[in-house]
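Source file entry.cif; content: mmCIF, C-alpha atoms and all ligand atoms.
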```
data_model
#
loop_
_atom_site.group_PDB
_atom_site.id
_atom_site.type_symbol
_atom_site.label_atom_id
_atom_site.label_comp_id
_atom_site.auth_asym_id
_atom_site.auth_seq_id
_atom_site.Cartn_x
_atom_site.Cartn_y
_atom_site.Cartn_z
ATOM 1 C CA MET A 172 -51.662 -34.846 36.873
ATOM 2 C CA LEU A 173 -52.278 -35.836 40.484
ATOM 3 C CA LYS A 174 -49.265 -38.200 40.330
ATOM 4 C CA ILE A 175 -46.987 -35.383 39.090
ATOM 5 C CA PHE A 176 -48.272 -33.167 41.896
ATOM 6 C CA ASN A 177 -47.634 -35.943 44.458
ATOM 7 C CA ASP A 178 -44.109 -36.614 43.118
ATOM 8 C CA HIS A 179 -43.373 -32.921 43.215
ATOM 9 C CA CYS A 180 -44.566 -32.721 46.854
ATOM 10 C CA LYS A 181 -42.468 -35.782 47.765
ATOM 11 C CA ALA A 182 -39.334 -34.343 46.125
ATOM 12 C CA TYR A 183 -39.943 -30.983 47.755
ATOM 13 C CA SER A 184 -40.551 -32.467 51.207
ATOM 14 C CA GLY A 185 -37.466 -34.730 50.691
ATOM 15 C CA SER A 186 -35.163 -31.813 49.941
ATOM 16 C CA LEU A 187 -36.815 -29.748 52.692
ATOM 17 C CA PHE A 188 -36.244 -32.612 55.123
ATOM 18 C CA LYS A 189 -32.577 -32.810 54.096
ATOM 19 C CA LYS A 190 -32.240 -29.050 54.563
ATOM 20 C CA ILE A 191 -33.744 -29.252 58.065
ATOM 21 C CA ILE A 192 -31.398 -32.125 59.001
ATOM 22 C CA ARG A 193 -28.441 -30.115 57.687
ATOM 23 C CA LEU A 194 -29.484 -27.079 59.702
ATOM 24 C CA PHE A 195 -29.723 -29.195 62.854
ATOM 25 C CA GLU A 196 -26.290 -30.673 62.133
ATOM 26 C CA GLN A 197 -24.861 -27.195 61.714
ATOM 27 C CA LEU A 198 -26.404 -26.105 65.009
ATOM 28 C CA LEU A 199 -25.234 -29.170 66.909
ATOM 29 C CA TYR A 200 -21.844 -29.543 65.250
ATOM 30 C CA PRO A 201 -20.876 -26.180 63.783
ATOM 31 C CA LEU A 202 -17.940 -26.305 61.407
ATOM 32 C CA LYS A 203 -14.993 -24.730 63.216
ATOM 33 C CA CYS A 204 -11.406 -24.110 62.165
ATOM 34 C CA LEU A 205 -9.325 -26.890 63.756
ATOM 35 C CA ASN A 206 -6.497 -24.443 64.344
ATOM 36 C CA CYS A 207 -8.145 -21.306 65.784
ATOM 37 C CA ARG A 208 -11.756 -22.512 66.403
ATOM 38 C CA VAL A 209 -13.313 -19.727 64.358
ATOM 39 C CA TYR A 210 -16.663 -20.612 62.725
ATOM 40 C CA ILE A 211 -16.541 -21.733 59.057
ATOM 41 C CA ASP A 212 -19.647 -21.251 56.922
ATOM 42 C CA PRO A 213 -20.389 -24.754 55.522
ATOM 43 C CA GLU A 214 -22.199 -23.229 52.550
ATOM 44 C CA LEU A 215 -18.926 -21.688 51.343
ATOM 45 C CA VAL A 216 -16.699 -24.787 51.437
ATOM 46 C CA LYS A 217 -16.647 -28.248 49.897
ATOM 47 C CA PRO A 218 -16.719 -31.138 52.383
ATOM 48 C CA ASN A 219 -13.441 -33.019 52.957
ATOM 49 C CA THR A 220 -11.189 -30.204 51.797
ATOM 50 C CA MET A 221 -8.526 -28.232 53.655
ATOM 51 C CA GLU A 222 -10.898 -25.242 53.478
ATOM 52 C CA ALA A 223 -13.521 -27.223 55.421
ATOM 53 C CA CYS A 224 -10.933 -27.851 58.187
ATOM 54 C CA PHE A 225 -9.195 -24.468 58.385
ATOM 55 C CA CYS A 226 -10.462 -20.886 58.122
ATOM 56 C CA GLY A 227 -9.254 -18.468 55.447
ATOM 57 C CA HIS A 228 -6.988 -16.715 57.916
ATOM 58 C CA CYS A 229 -5.186 -19.946 58.944
ATOM 59 C CA MET A 230 -4.966 -21.100 55.310
ATOM 60 C CA GLU A 231 -2.928 -17.935 54.688
ATOM 61 C CA LEU A 232 -0.053 -19.763 56.432
ATOM 62 C CA GLY A 233 0.306 -21.452 53.022
ATOM 63 C CA PHE A 234 -0.223 -24.877 51.488
ATOM 64 C CA TYR A 235 2.661 -26.310 49.457
ATOM 65 C CA PRO A 236 2.118 -29.328 47.147
ATOM 66 C CA ILE A 237 5.449 -30.745 45.944
ATOM 67 C CA GLN A 238 5.973 -30.230 42.252
ATOM 68 C CA THR A 239 9.032 -30.354 39.985
ATOM 69 C CA PRO A 240 11.921 -29.867 40.698
ATOM 70 C CA TYR A 241 12.537 -32.489 43.376
ATOM 71 C CA CYS A 242 15.154 -35.179 44.095
ATOM 72 C CA MET A 243 14.409 -38.293 42.045
ATOM 73 C CA LYS A 244 15.485 -40.489 44.972
ATOM 74 C CA CYS A 245 14.443 -38.902 48.276
ATOM 75 C CA GLY A 246 11.755 -36.587 46.866
ATOM 76 C CA VAL A 247 13.034 -33.424 48.561
ATOM 77 C CA LYS A 248 11.769 -30.264 46.886
ATOM 78 C CA PHE A 249 14.543 -28.138 45.371
ATOM 79 C CA GLN A 250 14.112 -24.453 46.158
ATOM 80 C CA THR A 251 15.555 -23.311 42.824
ATOM 81 C CA ASP A 252 14.252 -22.065 39.499
ATOM 82 C CA PHE A 253 16.074 -24.887 37.674
ATOM 83 C CA ASN A 254 13.091 -26.914 36.590
ATOM 84 C CA GLU A 255 14.409 -30.451 36.206
ATOM 85 C CA ASN A 256 14.354 -33.309 38.693
ATOM 86 C CA HIS A 257 17.760 -34.748 39.592
ATOM 87 C CA VAL A 258 19.450 -36.622 42.450
ATOM 88 C CA CYS A 259 20.375 -34.459 45.450
ATOM 89 C CA GLU A 260 23.813 -34.179 47.053
ATOM 90 C CA SER A 261 22.747 -36.102 50.135
ATOM 91 C CA CYS A 262 21.452 -39.108 48.099
ATOM 92 C CA LEU A 263 24.668 -39.159 46.075
ATOM 93 C CA THR A 264 26.797 -39.181 49.258
ATOM 94 C CA ILE A 265 24.765 -41.506 51.492
ATOM 95 C CA PRO A 266 22.216 -43.434 49.384
ATOM 96 C CA LEU A 267 19.003 -44.411 51.135
ATOM 97 C CA LYS A 268 17.891 -48.037 51.425
ATOM 98 C CA LEU A 269 14.603 -46.828 49.970
ATOM 99 C CA ASP A 270 14.484 -46.903 46.195
ATOM 100 C CA ARG A 271 12.465 -43.708 45.918
ATOM 101 C CA VAL A 272 10.479 -41.460 48.181
ATOM 102 C CA ARG A 273 7.571 -39.308 47.082
ATOM 103 C CA ALA A 274 5.726 -36.768 49.201
ATOM 104 C CA THR A 275 2.473 -34.931 48.595
ATOM 105 C CA LEU A 276 3.307 -31.739 50.459
ATOM 106 C CA GLU A 277 6.151 -29.760 51.895
ATOM 107 C CA TYR A 278 6.073 -29.829 55.693
ATOM 108 C CA LYS A 279 5.509 -26.118 56.130
ATOM 109 C CA GLY A 280 2.652 -23.600 56.270
ATOM 110 C CA ILE A 281 -0.710 -24.859 57.496
ATOM 111 C CA ILE A 282 0.297 -28.533 57.163
ATOM 112 C CA LYS A 283 2.850 -28.045 59.976
ATOM 113 C CA ASN A 284 -0.101 -27.301 62.274
ATOM 114 C CA ALA A 285 -2.491 -29.762 60.635
ATOM 115 C CA ILE A 286 -0.460 -32.984 60.994
ATOM 116 C CA PRO A 287 0.190 -32.645 64.765
ATOM 117 C CA LEU A 288 -3.518 -31.801 65.263
ATOM 118 C CA PHE A 289 -4.416 -34.974 63.357
ATOM 119 C CA LYS A 290 -1.848 -37.182 65.056
ATOM 120 C CA TYR A 291 -1.577 -35.939 68.637
ATOM 121 C CA HIS A 292 -5.000 -34.332 69.142
ATOM 122 C CA SER A 293 -7.059 -36.913 67.246
ATOM 123 C CA LYS A 294 -8.602 -34.429 64.800
ATOM 124 C CA LEU A 295 -9.610 -37.355 62.647
ATOM 125 C CA SER A 296 -11.900 -35.348 60.393
ATOM 126 C CA MET A 297 -8.691 -34.563 58.517
ATOM 127 C CA ALA A 298 -8.045 -38.218 57.660
ATOM 128 C CA LYS A 299 -10.305 -38.104 54.578
ATOM 129 C CA VAL A 300 -8.718 -34.878 53.344
ATOM 130 C CA PHE A 301 -5.199 -36.244 53.755
ATOM 131 C CA GLU A 302 -6.136 -39.575 52.217
ATOM 132 C CA ARG A 303 -7.581 -37.899 49.131
ATOM 133 C CA LEU A 304 -4.435 -35.779 48.706
ATOM 134 C CA LEU A 305 -2.156 -38.783 49.201
ATOM 135 C CA PHE A 306 -4.153 -40.892 46.752
ATOM 136 C CA GLU A 307 -3.686 -38.226 44.058
ATOM 137 C CA THR A 308 0.097 -38.456 44.555
ATOM 138 C CA PHE A 309 -0.139 -42.239 44.535
ATOM 139 C CA LEU A 310 -1.939 -42.189 41.171
ATOM 140 C CA HIS A 311 0.528 -39.720 39.743
ATOM 141 C CA GLN A 312 3.691 -41.436 41.023
ATOM 142 C CA TYR A 313 2.882 -45.122 41.483
ATOM 143 C CA ALA A 314 -0.165 -46.092 39.413
ATOM 144 C CA ARG A 315 2.088 -47.689 36.777
ATOM 145 C CA SER A 316 4.562 -49.243 39.234
ATOM 146 C CA LYS A 317 4.370 -52.957 39.872
ATOM 147 C CA ILE A 318 3.746 -52.674 43.595
ATOM 148 C CA ASP A 319 2.834 -55.849 45.480
ATOM 149 C CA LEU A 320 2.219 -54.609 49.020
ATOM 150 C CA ILE A 321 1.323 -51.258 50.567
ATOM 151 C CA MET A 322 2.421 -51.062 54.200
ATOM 152 C CA PRO A 323 1.698 -48.303 56.676
ATOM 153 C CA VAL A 324 4.735 -47.837 58.951
ATOM 154 C CA PRO A 325 3.659 -49.716 62.109
ATOM 155 C CA LEU A 326 3.477 -48.288 65.625
ATOM 156 C CA HIS A 327 4.582 -50.168 68.713
ATOM 157 C CA LYS A 328 1.542 -51.938 70.187
ATOM 158 C CA LYS A 329 1.694 -49.860 73.404
ATOM 159 C CA LYS A 330 1.774 -46.627 71.420
ATOM 160 C CA LEU A 331 -1.085 -47.865 69.242
ATOM 161 C CA ARG A 332 -3.121 -48.582 72.377
ATOM 162 C CA GLU A 333 -2.396 -45.109 73.787
ATOM 163 C CA ARG A 334 -3.125 -43.220 70.571
ATOM 164 C CA GLY A 335 -5.973 -45.455 69.486
ATOM 165 C CA PHE A 336 -5.057 -45.360 65.799
ATOM 166 C CA ASN A 337 -2.111 -45.625 63.448
ATOM 167 C CA GLN A 338 -2.076 -42.348 61.537
ATOM 168 C CA ALA A 339 -0.231 -43.960 58.598
ATOM 169 C CA TYR A 340 -2.996 -46.559 58.234
ATOM 170 C CA LEU A 341 -5.703 -43.864 58.277
ATOM 171 C CA LEU A 342 -3.991 -42.312 55.257
ATOM 172 C CA ILE A 343 -4.610 -45.392 53.092
ATOM 173 C CA ARG A 344 -7.653 -47.001 54.716
ATOM 174 C CA ASN A 345 -9.825 -46.483 51.610
ATOM 175 C CA PHE A 346 -7.123 -46.807 48.947
ATOM 176 C CA VAL A 347 -8.598 -50.062 47.575
ATOM 177 C CA LYS A 348 -12.044 -48.481 47.284
ATOM 178 C CA GLN A 349 -10.621 -45.331 45.706
ATOM 179 C CA TYR A 350 -8.567 -47.378 43.245
ATOM 180 C CA GLN A 351 -11.603 -49.422 42.255
ATOM 181 C CA TYR A 352 -13.607 -46.233 41.779
ATOM 182 C CA SER A 353 -10.863 -44.684 39.589
ATOM 183 C CA PHE A 354 -10.075 -47.732 37.417
ATOM 184 C CA ASP A 355 -13.218 -49.818 37.649
ATOM 185 C CA GLN A 356 -11.163 -52.855 38.630
ATOM 186 C CA PRO A 357 -9.507 -54.110 41.809
ATOM 187 C CA PRO A 358 -5.836 -53.218 42.357
ATOM 188 C CA SER A 359 -3.078 -55.788 41.877
ATOM 189 C CA TRP A 360 -1.529 -54.763 45.236
ATOM 190 C CA LYS A 361 -2.684 -55.519 48.758
ATOM 191 C CA ILE A 362 -2.611 -53.479 51.931
ATOM 192 C CA ASP A 363 -0.500 -55.316 54.494
ATOM 193 C CA THR A 364 -0.651 -54.236 58.138
ATOM 194 C CA ILE A 365 0.764 -57.376 59.726
ATOM 195 C CA SER A 366 4.006 -58.455 58.027
ATOM 196 C CA LEU A 367 6.081 -55.650 59.540
ATOM 197 C CA ALA A 368 5.980 -55.049 63.305
ATOM 198 C CA ARG A 369 7.515 -52.420 65.542
ATOM 199 C CA ILE A 370 9.074 -54.306 68.422
ATOM 200 C CA LYS A 371 10.933 -51.508 70.183
ATOM 201 C CA ARG A 372 9.265 -48.526 71.813
ATOM 202 C CA THR A 373 11.388 -45.693 70.427
ATOM 203 C CA GLN A 374 11.779 -42.161 71.848
ATOM 204 C CA PRO A 375 10.025 -39.363 69.911
ATOM 205 C CA GLN A 376 12.476 -38.347 67.175
ATOM 206 C CA THR A 377 11.840 -34.602 67.545
ATOM 207 C CA GLY A 378 15.007 -32.719 68.486
ATOM 208 C CA PHE A 379 17.338 -35.624 67.627
ATOM 209 C CA ASP A 380 20.025 -35.227 64.975
ATOM 210 C CA ILE A 381 20.336 -37.835 62.218
ATOM 211 C CA GLU A 382 22.797 -40.064 64.124
ATOM 212 C CA LYS A 383 20.642 -40.092 67.278
ATOM 213 C CA ARG A 384 17.568 -40.854 65.173
ATOM 214 C CA LYS A 385 19.336 -43.840 63.591
ATOM 215 C CA ALA A 386 20.505 -45.147 66.985
ATOM 216 C CA ASN A 387 17.014 -44.690 68.434
ATOM 217 C CA LEU A 388 15.521 -46.797 65.637
ATOM 218 C CA LYS A 389 18.085 -49.589 65.689
ATOM 219 C CA ASN A 390 16.287 -52.958 65.875
ATOM 220 C CA ALA A 391 12.924 -51.196 66.076
ATOM 221 C CA PHE A 392 11.305 -53.283 63.307
ATOM 222 C CA LYS A 393 10.847 -56.981 62.715
ATOM 223 C CA VAL A 394 9.466 -58.895 59.734
ATOM 224 C CA VAL A 395 6.799 -61.214 61.112
ATOM 225 C CA ASN A 396 6.571 -63.589 58.163
ATOM 226 C CA PRO A 397 9.441 -63.298 55.634
ATOM 227 C CA LYS A 398 7.610 -65.563 53.128
ATOM 228 C CA ILE A 399 4.937 -62.908 52.562
ATOM 229 C CA ILE A 400 7.413 -60.153 51.699
ATOM 230 C CA TYR A 401 9.910 -62.314 49.765
ATOM 231 C CA ASP A 402 10.711 -60.846 46.326
ATOM 232 C CA LYS A 403 7.972 -58.220 46.755
ATOM 233 C CA HIS A 404 7.945 -54.569 45.753
ATOM 234 C CA ILE A 405 6.752 -52.750 48.866
ATOM 235 C CA LEU A 406 5.426 -49.213 49.254
ATOM 236 C CA LEU A 407 5.755 -47.874 52.797
ATOM 237 C CA ILE A 408 3.331 -45.177 53.940
ATOM 238 C CA ASP A 409 4.005 -42.560 56.615
ATOM 239 C CA ASP A 410 2.692 -39.147 57.595
ATOM 240 C CA VAL A 411 5.937 -37.162 57.847
ATOM 241 C CA PHE A 412 9.415 -37.755 56.429
ATOM 242 C CA THR A 413 12.054 -35.625 58.144
ATOM 243 C CA THR A 414 15.473 -37.263 57.891
ATOM 244 C CA GLY A 415 13.830 -40.447 56.647
ATOM 245 C CA ALA A 416 15.402 -42.494 59.464
ATOM 246 C CA THR A 417 12.151 -44.354 60.252
ATOM 247 C CA CYS A 418 11.194 -45.353 56.700
ATOM 248 C CA ASN A 419 14.806 -46.119 55.859
ATOM 249 C CA GLU A 420 15.229 -48.437 58.854
ATOM 250 C CA ALA A 421 11.966 -50.205 57.971
ATOM 251 C CA ALA A 422 13.239 -50.569 54.381
ATOM 252 C CA ARG A 423 16.578 -51.959 55.593
ATOM 253 C CA VAL A 424 14.813 -54.669 57.619
ATOM 254 C CA LEU A 425 12.422 -55.537 54.770
ATOM 255 C CA LEU A 426 15.276 -55.808 52.242
ATOM 256 C CA LYS A 427 17.371 -57.886 54.655
ATOM 257 C CA ASN A 428 14.425 -60.281 54.917
ATOM 258 C CA GLY A 429 14.092 -60.741 51.164
ATOM 259 C CA ALA A 430 11.940 -57.860 49.833
ATOM 260 C CA LYS A 431 12.865 -56.936 46.251
ATOM 261 C CA LYS A 432 12.414 -53.169 46.421
ATOM 262 C CA VAL A 433 11.058 -50.690 48.972
ATOM 263 C CA ASP A 434 9.665 -47.232 48.187
ATOM 264 C CA ALA A 435 7.973 -44.719 50.471
ATOM 265 C CA LEU A 436 5.001 -42.447 49.944
ATOM 266 C CA VAL A 437 4.485 -39.821 52.631
ATOM 267 C CA LEU A 438 2.008 -37.051 53.200
ATOM 268 C CA ALA A 439 4.606 -34.386 53.954
ATOM 269 C CA ARG A 440 8.343 -34.017 54.018
ATOM 270 C CA THR A 441 10.777 -31.377 55.196
HETATM 271 ZN ZN ZN A 501 -8.372 -20.631 61.740
HETATM 272 ZN ZN ZN A 502 17.759 -36.881 47.560
#
```

Render the structure in this file as structure tokens.
Amino acid sequence: MLKIFNDHCKAYSGSLFKKIIRLFEQLLYPLKCLNCRVYIDPELVKPNTMEACFCGHCMELGFYPIQTPYCMKCGVKFQTDFNENHVCESCLTIPLKLDRVRATLEYKGIIKNAIPLFKYHSKLSMAKVFERLLFETFLHQYARSKIDLIMPVPLHKKKLRERGFNQAYLLIRNFVKQYQYSFDQPPSWKIDTISLARIKRTQPQTGFDIEKRKANLKNAFKVVNPKIIYDKHILLIDDVFTTGATCNEAARVLLKNGAKKVDALVLART
């Protein structure tokens, strides 16, 4: 009887202790909307969700997961009621070097504010949210593909030093762990952050048309060790896909150096 009473006291004091710690955390680090800084009640949201990063008002900007219909090659969402995936006009006219591109979200609504906050203002609390969303798309689109290497699109070393992180890498940092958790076995692919390097410091692509983007990226990438990528099916990872010039140039260089097939998985695309 005494033991039960003691256990009960321990459990009660344990949960009370946790509650006190949580209250202190909330006082010291109150949950605030990353966009407008308004307070978010932590009791009303799940951790590591968009709702834990942005208030209800900012979430009203909209959140747009990409669902059918989309282009089977470049992954662009078709804004029509016709509900079947097909290949878009642009992919039929100028085929990409990439075999197929898949994106989790449309680059509009709240995500258009969220990605620059993550990337340029180091709001890294979003990394886990984005990674979870991207992993769901990965499972849906690539779990049955025979991928050998997953490669975040590299940054130039000077840019990496300035920013302090490669946003594409943060999107897949725990993919192995997540895969193991989902399938109870290690994945057959590896994450490779060294075989592809960015050797040219390119201008920011914003405001450039497609031709200028291509010229800006010319000779930007180099394969460090062609043996590692030879005959491999590679999945490139990036945060945003606009014209696709960056991923496509990386794919061109990988294919030229012996890769078998290159796909891209991105968090958001226009
Ligand atoms: Zn807000
Ligand atoms: Zn297309």

Atomic separation - CA of Arg440 (chain A) relative to CA of Pro375 (chain A), Å: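 A separation of 16.9 Å between them.
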
Within 9 Å of ligand ZN 502 (chain A), which residues of chain A show up? Give each one with its shortest atom-to-atom distance in Å (one decimal) and the two atoms involved, counting all atoms listed in the file, rows by chain then rising residue number, as a Markdown table.
```
| residue | atom | partner | partner_atom | distance |
| --- | --- | --- | --- | --- |
| A:Tyr241 | CA | A:ZN502 | ZN | 8.0 |
| A:Cys242 | CA | A:ZN502 | ZN | 4.7 |
| A:Met243 | CA | A:ZN502 | ZN | 6.6 |
| A:Lys244 | CA | A:ZN502 | ZN | 5.0 |
| A:Cys245 | CA | A:ZN502 | ZN | 3.9 |
| A:Gly246 | CA | A:ZN502 | ZN | 6.1 |
| A:Val247 | CA | A:ZN502 | ZN | 5.9 |
| A:Lys248 | CA | A:ZN502 | ZN | 9.0 |
| A:His257 | CA | A:ZN502 | ZN | 8.2 |
| A:Val258 | CA | A:ZN502 | ZN | 5.4 |
| A:Cys259 | CA | A:ZN502 | ZN | 4.1 |
| A:Glu260 | CA | A:ZN502 | ZN | 6.6 |
| A:Ser261 | CA | A:ZN502 | ZN | 5.7 |
| A:Cys262 | CA | A:ZN502 | ZN | 4.3 |
| A:Leu263 | CA | A:ZN502 | ZN | 7.4 |
| A:Pro266 | CA | A:ZN502 | ZN | 8.1 |
| A:Leu267 | CA | A:ZN502 | ZN | 8.4 |
| A:Arg271 | CA | A:ZN502 | ZN | 8.8 |
| A:Val272 | CA | A:ZN502 | ZN | 8.6 |
```

Just C-alpha atoms for this one: save the residues we selected as a compact mmCIF listing (two decimals), in the coordinates of the input.
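Once everything was written out, this is again22.txt:
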```
# COMPACT_ATOMS: atom_id res chain seq x y z
CA TYR A 241 12.54 -32.49 43.38
CA CYS A 242 15.15 -35.18 44.10
CA MET A 243 14.41 -38.29 42.04
CA LYS A 244 15.48 -40.49 44.97
CA CYS A 245 14.44 -38.90 48.28
CA GLY A 246 11.76 -36.59 46.87
CA VAL A 247 13.03 -33.42 48.56
CA LYS A 248 11.77 -30.26 46.89
CA HIS A 257 17.76 -34.75 39.59
CA VAL A 258 19.45 -36.62 42.45
CA CYS A 259 20.38 -34.46 45.45
CA GLU A 260 23.81 -34.18 47.05
CA SER A 261 22.75 -36.10 50.14
CA CYS A 262 21.45 -39.11 48.10
CA LEU A 263 24.67 -39.16 46.08
CA PRO A 266 22.22 -43.43 49.38
CA LEU A 267 19.00 -44.41 51.14
CA ARG A 271 12.46 -43.71 45.92
CA VAL A 272 10.48 -41.46 48.18
```

Neighbourhood of ligand ZN 501 (chain A) at 9 Å, counting all atoms listed in the file, reported as a list in words: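 Those within range of ligand ZN 501 (chain A) are Lys203, Cys204, Leu205, Asn206, Cys207, Arg208, Val209, Tyr210, Ile211, Cys224, Phe225, Cys226, Gly227, His228, Cys229 and Met230 of chain A.
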
Requested write-out: C-alpha atoms of the selected residues, as a compact mmCIF listing (two decimals), in the coordinates of the input:
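Okay, this is what ended up in out_5.txt:
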```txt
# COMPACT_ATOMS: atom_id res chain seq x y z
CA LYS A 203 -14.99 -24.73 63.22
CA CYS A 204 -11.41 -24.11 62.16
CA LEU A 205 -9.32 -26.89 63.76
CA ASN A 206 -6.50 -24.44 64.34
CA CYS A 207 -8.14 -21.31 65.78
CA ARG A 208 -11.76 -22.51 66.40
CA VAL A 209 -13.31 -19.73 64.36
CA TYR A 210 -16.66 -20.61 62.72
CA ILE A 211 -16.54 -21.73 59.06
CA CYS A 224 -10.93 -27.85 58.19
CA PHE A 225 -9.20 -24.47 58.38
CA CYS A 226 -10.46 -20.89 58.12
CA GLY A 227 -9.25 -18.47 55.45
CA HIS A 228 -6.99 -16.72 57.92
CA CYS A 229 -5.19 -19.95 58.94
CA MET A 230 -4.97 -21.10 55.31
```

Report as number ranges by chain the residues that result from applying the PyMOL selection byres (((chain A and resi 387) around 12) and not hetatm) to the structure here. A: 371-377, 379-386, 388-392, 416-417, 420

In Å, rounded to a single decimal, give me how far CA of Leu406 (chain A) is from CA of Arg344 (chain A).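 It comes out at 14.3 Å.
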
Would you kindly identify which residues have an atom no farther than 12 Å from (0.0, -29.2, 62.8), using all atoms listed in the file and the file's own coordinates, and write them out as a ChimeraX atom specification? /A:205-207,224-225,229,232,278-294,297,410-411,439

Identify all residues satisfying the PyMOL selection byres (((chain A and resi 322) around 8) and not hetatm) in the given file; provide them as an NGL selection string. :A and (320-321 or 323-324 or 362-364 or 367 or 405-408)

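Interatomic distance, CA of Tyr401 (chain A) to CA of Lys427 (chain A): 10.0 Å.
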
Selection in question (the file shown): the PyMOL selection byres (((chain A and resi 309) around 12) and not hetatm). Which residues does it include, as a PyMOL selection string? chain A and resi 272-275+302-308+310-316+318+321+342-343+346-347+349-350+406-408+434-438

Store the residues picked out above in a file with C-alpha atoms, as a tab-separated table (two decimals), in the frame of the given file.
```
chain	number	residue	atom	x	y	z
A	272	VAL	CA	10.48	-41.46	48.18
A	273	ARG	CA	7.57	-39.31	47.08
A	274	ALA	CA	5.73	-36.77	49.20
A	275	THR	CA	2.47	-34.93	48.60
A	302	GLU	CA	-6.14	-39.58	52.22
A	303	ARG	CA	-7.58	-37.90	49.13
A	304	LEU	CA	-4.43	-35.78	48.71
A	305	LEU	CA	-2.16	-38.78	49.20
A	306	PHE	CA	-4.15	-40.89	46.75
A	307	GLU	CA	-3.69	-38.23	44.06
A	308	THR	CA	0.10	-38.46	44.56
A	310	LEU	CA	-1.94	-42.19	41.17
A	311	HIS	CA	0.53	-39.72	39.74
A	312	GLN	CA	3.69	-41.44	41.02
A	313	TYR	CA	2.88	-45.12	41.48
A	314	ALA	CA	-0.16	-46.09	39.41
A	315	ARG	CA	2.09	-47.69	36.78
A	316	SER	CA	4.56	-49.24	39.23
A	318	ILE	CA	3.75	-52.67	43.60
A	321	ILE	CA	1.32	-51.26	50.57
A	342	LEU	CA	-3.99	-42.31	55.26
A	343	ILE	CA	-4.61	-45.39	53.09
A	346	PHE	CA	-7.12	-46.81	48.95
A	347	VAL	CA	-8.60	-50.06	47.58
A	349	GLN	CA	-10.62	-45.33	45.71
A	350	TYR	CA	-8.57	-47.38	43.24
A	406	LEU	CA	5.43	-49.21	49.25
A	407	LEU	CA	5.76	-47.87	52.80
A	408	ILE	CA	3.33	-45.18	53.94
A	434	ASP	CA	9.66	-47.23	48.19
A	435	ALA	CA	7.97	-44.72	50.47
A	436	LEU	CA	5.00	-42.45	49.94
A	437	VAL	CA	4.49	-39.82	52.63
A	438	LEU	CA	2.01	-37.05	53.20
```

Between A:Glu277, A:Glu222, A:Asp270, A:Glu255, which residue has the minimum interatomic distance to Tyr235 (chain A), considering all atoms listed in the file? A:Glu277

For Lys299 (chain A), the nearest of the candidates A:Asn254, A:Pro240, A:Tyr352, A:Pro218, counting all atoms listed in the file: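 Looking at the shortest contact to Lys299 (chain A), the residue is A:Pro218.
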
Around the point (17.4, -55.4, 53.8) in the file's coordinates, collect all residues with an atom within 12 Å, using all atoms listed in the file, and return them as a compact mmCIF listing (two decimals) with C-alpha atoms, keeping the file's coordinate frame.
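For reference, out39.txt as written:
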```
# COMPACT_ATOMS: atom_id res chain seq x y z
CA LEU A 267 19.00 -44.41 51.14
CA LYS A 268 17.89 -48.04 51.42
CA LEU A 269 14.60 -46.83 49.97
CA ASP A 270 14.48 -46.90 46.20
CA PHE A 392 11.30 -53.28 63.31
CA LYS A 393 10.85 -56.98 62.72
CA VAL A 394 9.47 -58.90 59.73
CA PRO A 397 9.44 -63.30 55.63
CA ILE A 400 7.41 -60.15 51.70
CA TYR A 401 9.91 -62.31 49.76
CA ASP A 402 10.71 -60.85 46.33
CA ASN A 419 14.81 -46.12 55.86
CA GLU A 420 15.23 -48.44 58.85
CA ALA A 421 11.97 -50.20 57.97
CA ALA A 422 13.24 -50.57 54.38
CA ARG A 423 16.58 -51.96 55.59
CA VAL A 424 14.81 -54.67 57.62
CA LEU A 425 12.42 -55.54 54.77
CA LEU A 426 15.28 -55.81 52.24
CA LYS A 427 17.37 -57.89 54.66
CA ASN A 428 14.42 -60.28 54.92
CA GLY A 429 14.09 -60.74 51.16
CA ALA A 430 11.94 -57.86 49.83
CA LYS A 431 12.86 -56.94 46.25
CA LYS A 432 12.41 -53.17 46.42
CA VAL A 433 11.06 -50.69 48.97
```

Measuring between all atoms listed in the file, which one of A:Ile399, A:Thr264, A:Leu331, A:His404 shows the shortest distance to Asp319 (chain A)?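 The closest residue to Asp319 (chain A) is A:His404.
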
Could I see region 372-378 of chain A restored to N, CA and C atoms, set down as a PDB file, in the coordinates of the input?
```
ATOM      1  N   ARG A 372       9.935 -49.805  71.563  1.00  0.00           N
ATOM      2  CA  ARG A 372       9.265 -48.526  71.813  1.00  0.00           C
ATOM      3  C   ARG A 372      10.321 -47.425  71.740  1.00  0.00           C
ATOM      4  N   THR A 373      10.341 -46.691  70.632  1.00  0.00           N
ATOM      5  CA  THR A 373      11.388 -45.693  70.427  1.00  0.00           C
ATOM      6  C   THR A 373      10.996 -44.361  71.074  1.00  0.00           C
ATOM      7  N   GLN A 374      12.010 -43.524  71.342  1.00  0.00           N
ATOM      8  CA  GLN A 374      11.779 -42.161  71.848  1.00  0.00           C
ATOM      9  C   GLN A 374      11.212 -41.319  70.700  1.00  0.00           C
ATOM     10  N   PRO A 375      10.430 -40.262  71.007  1.00  0.00           N
ATOM     11  CA  PRO A 375      10.025 -39.363  69.911  1.00  0.00           C
ATOM     12  C   PRO A 375      11.277 -38.779  69.244  1.00  0.00           C
ATOM     13  N   GLN A 376      11.268 -38.726  67.916  1.00  0.00           N
ATOM     14  CA  GLN A 376      12.476 -38.347  67.175  1.00  0.00           C
ATOM     15  C   GLN A 376      12.743 -36.837  67.191  1.00  0.00           C
ATOM     16  N   THR A 377      11.716 -36.056  67.590  1.00  0.00           N
ATOM     17  CA  THR A 377      11.840 -34.602  67.545  1.00  0.00           C
ATOM     18  C   THR A 377      13.048 -34.136  68.367  1.00  0.00           C
ATOM     19  N   GLY A 378      13.859 -33.292  67.773  1.00  0.00           N
ATOM     20  CA  GLY A 378      15.007 -32.719  68.486  1.00  0.00           C
ATOM     21  C   GLY A 378      16.272 -33.558  68.342  1.00  0.00           C
TER      22      GLY A 378
END
```
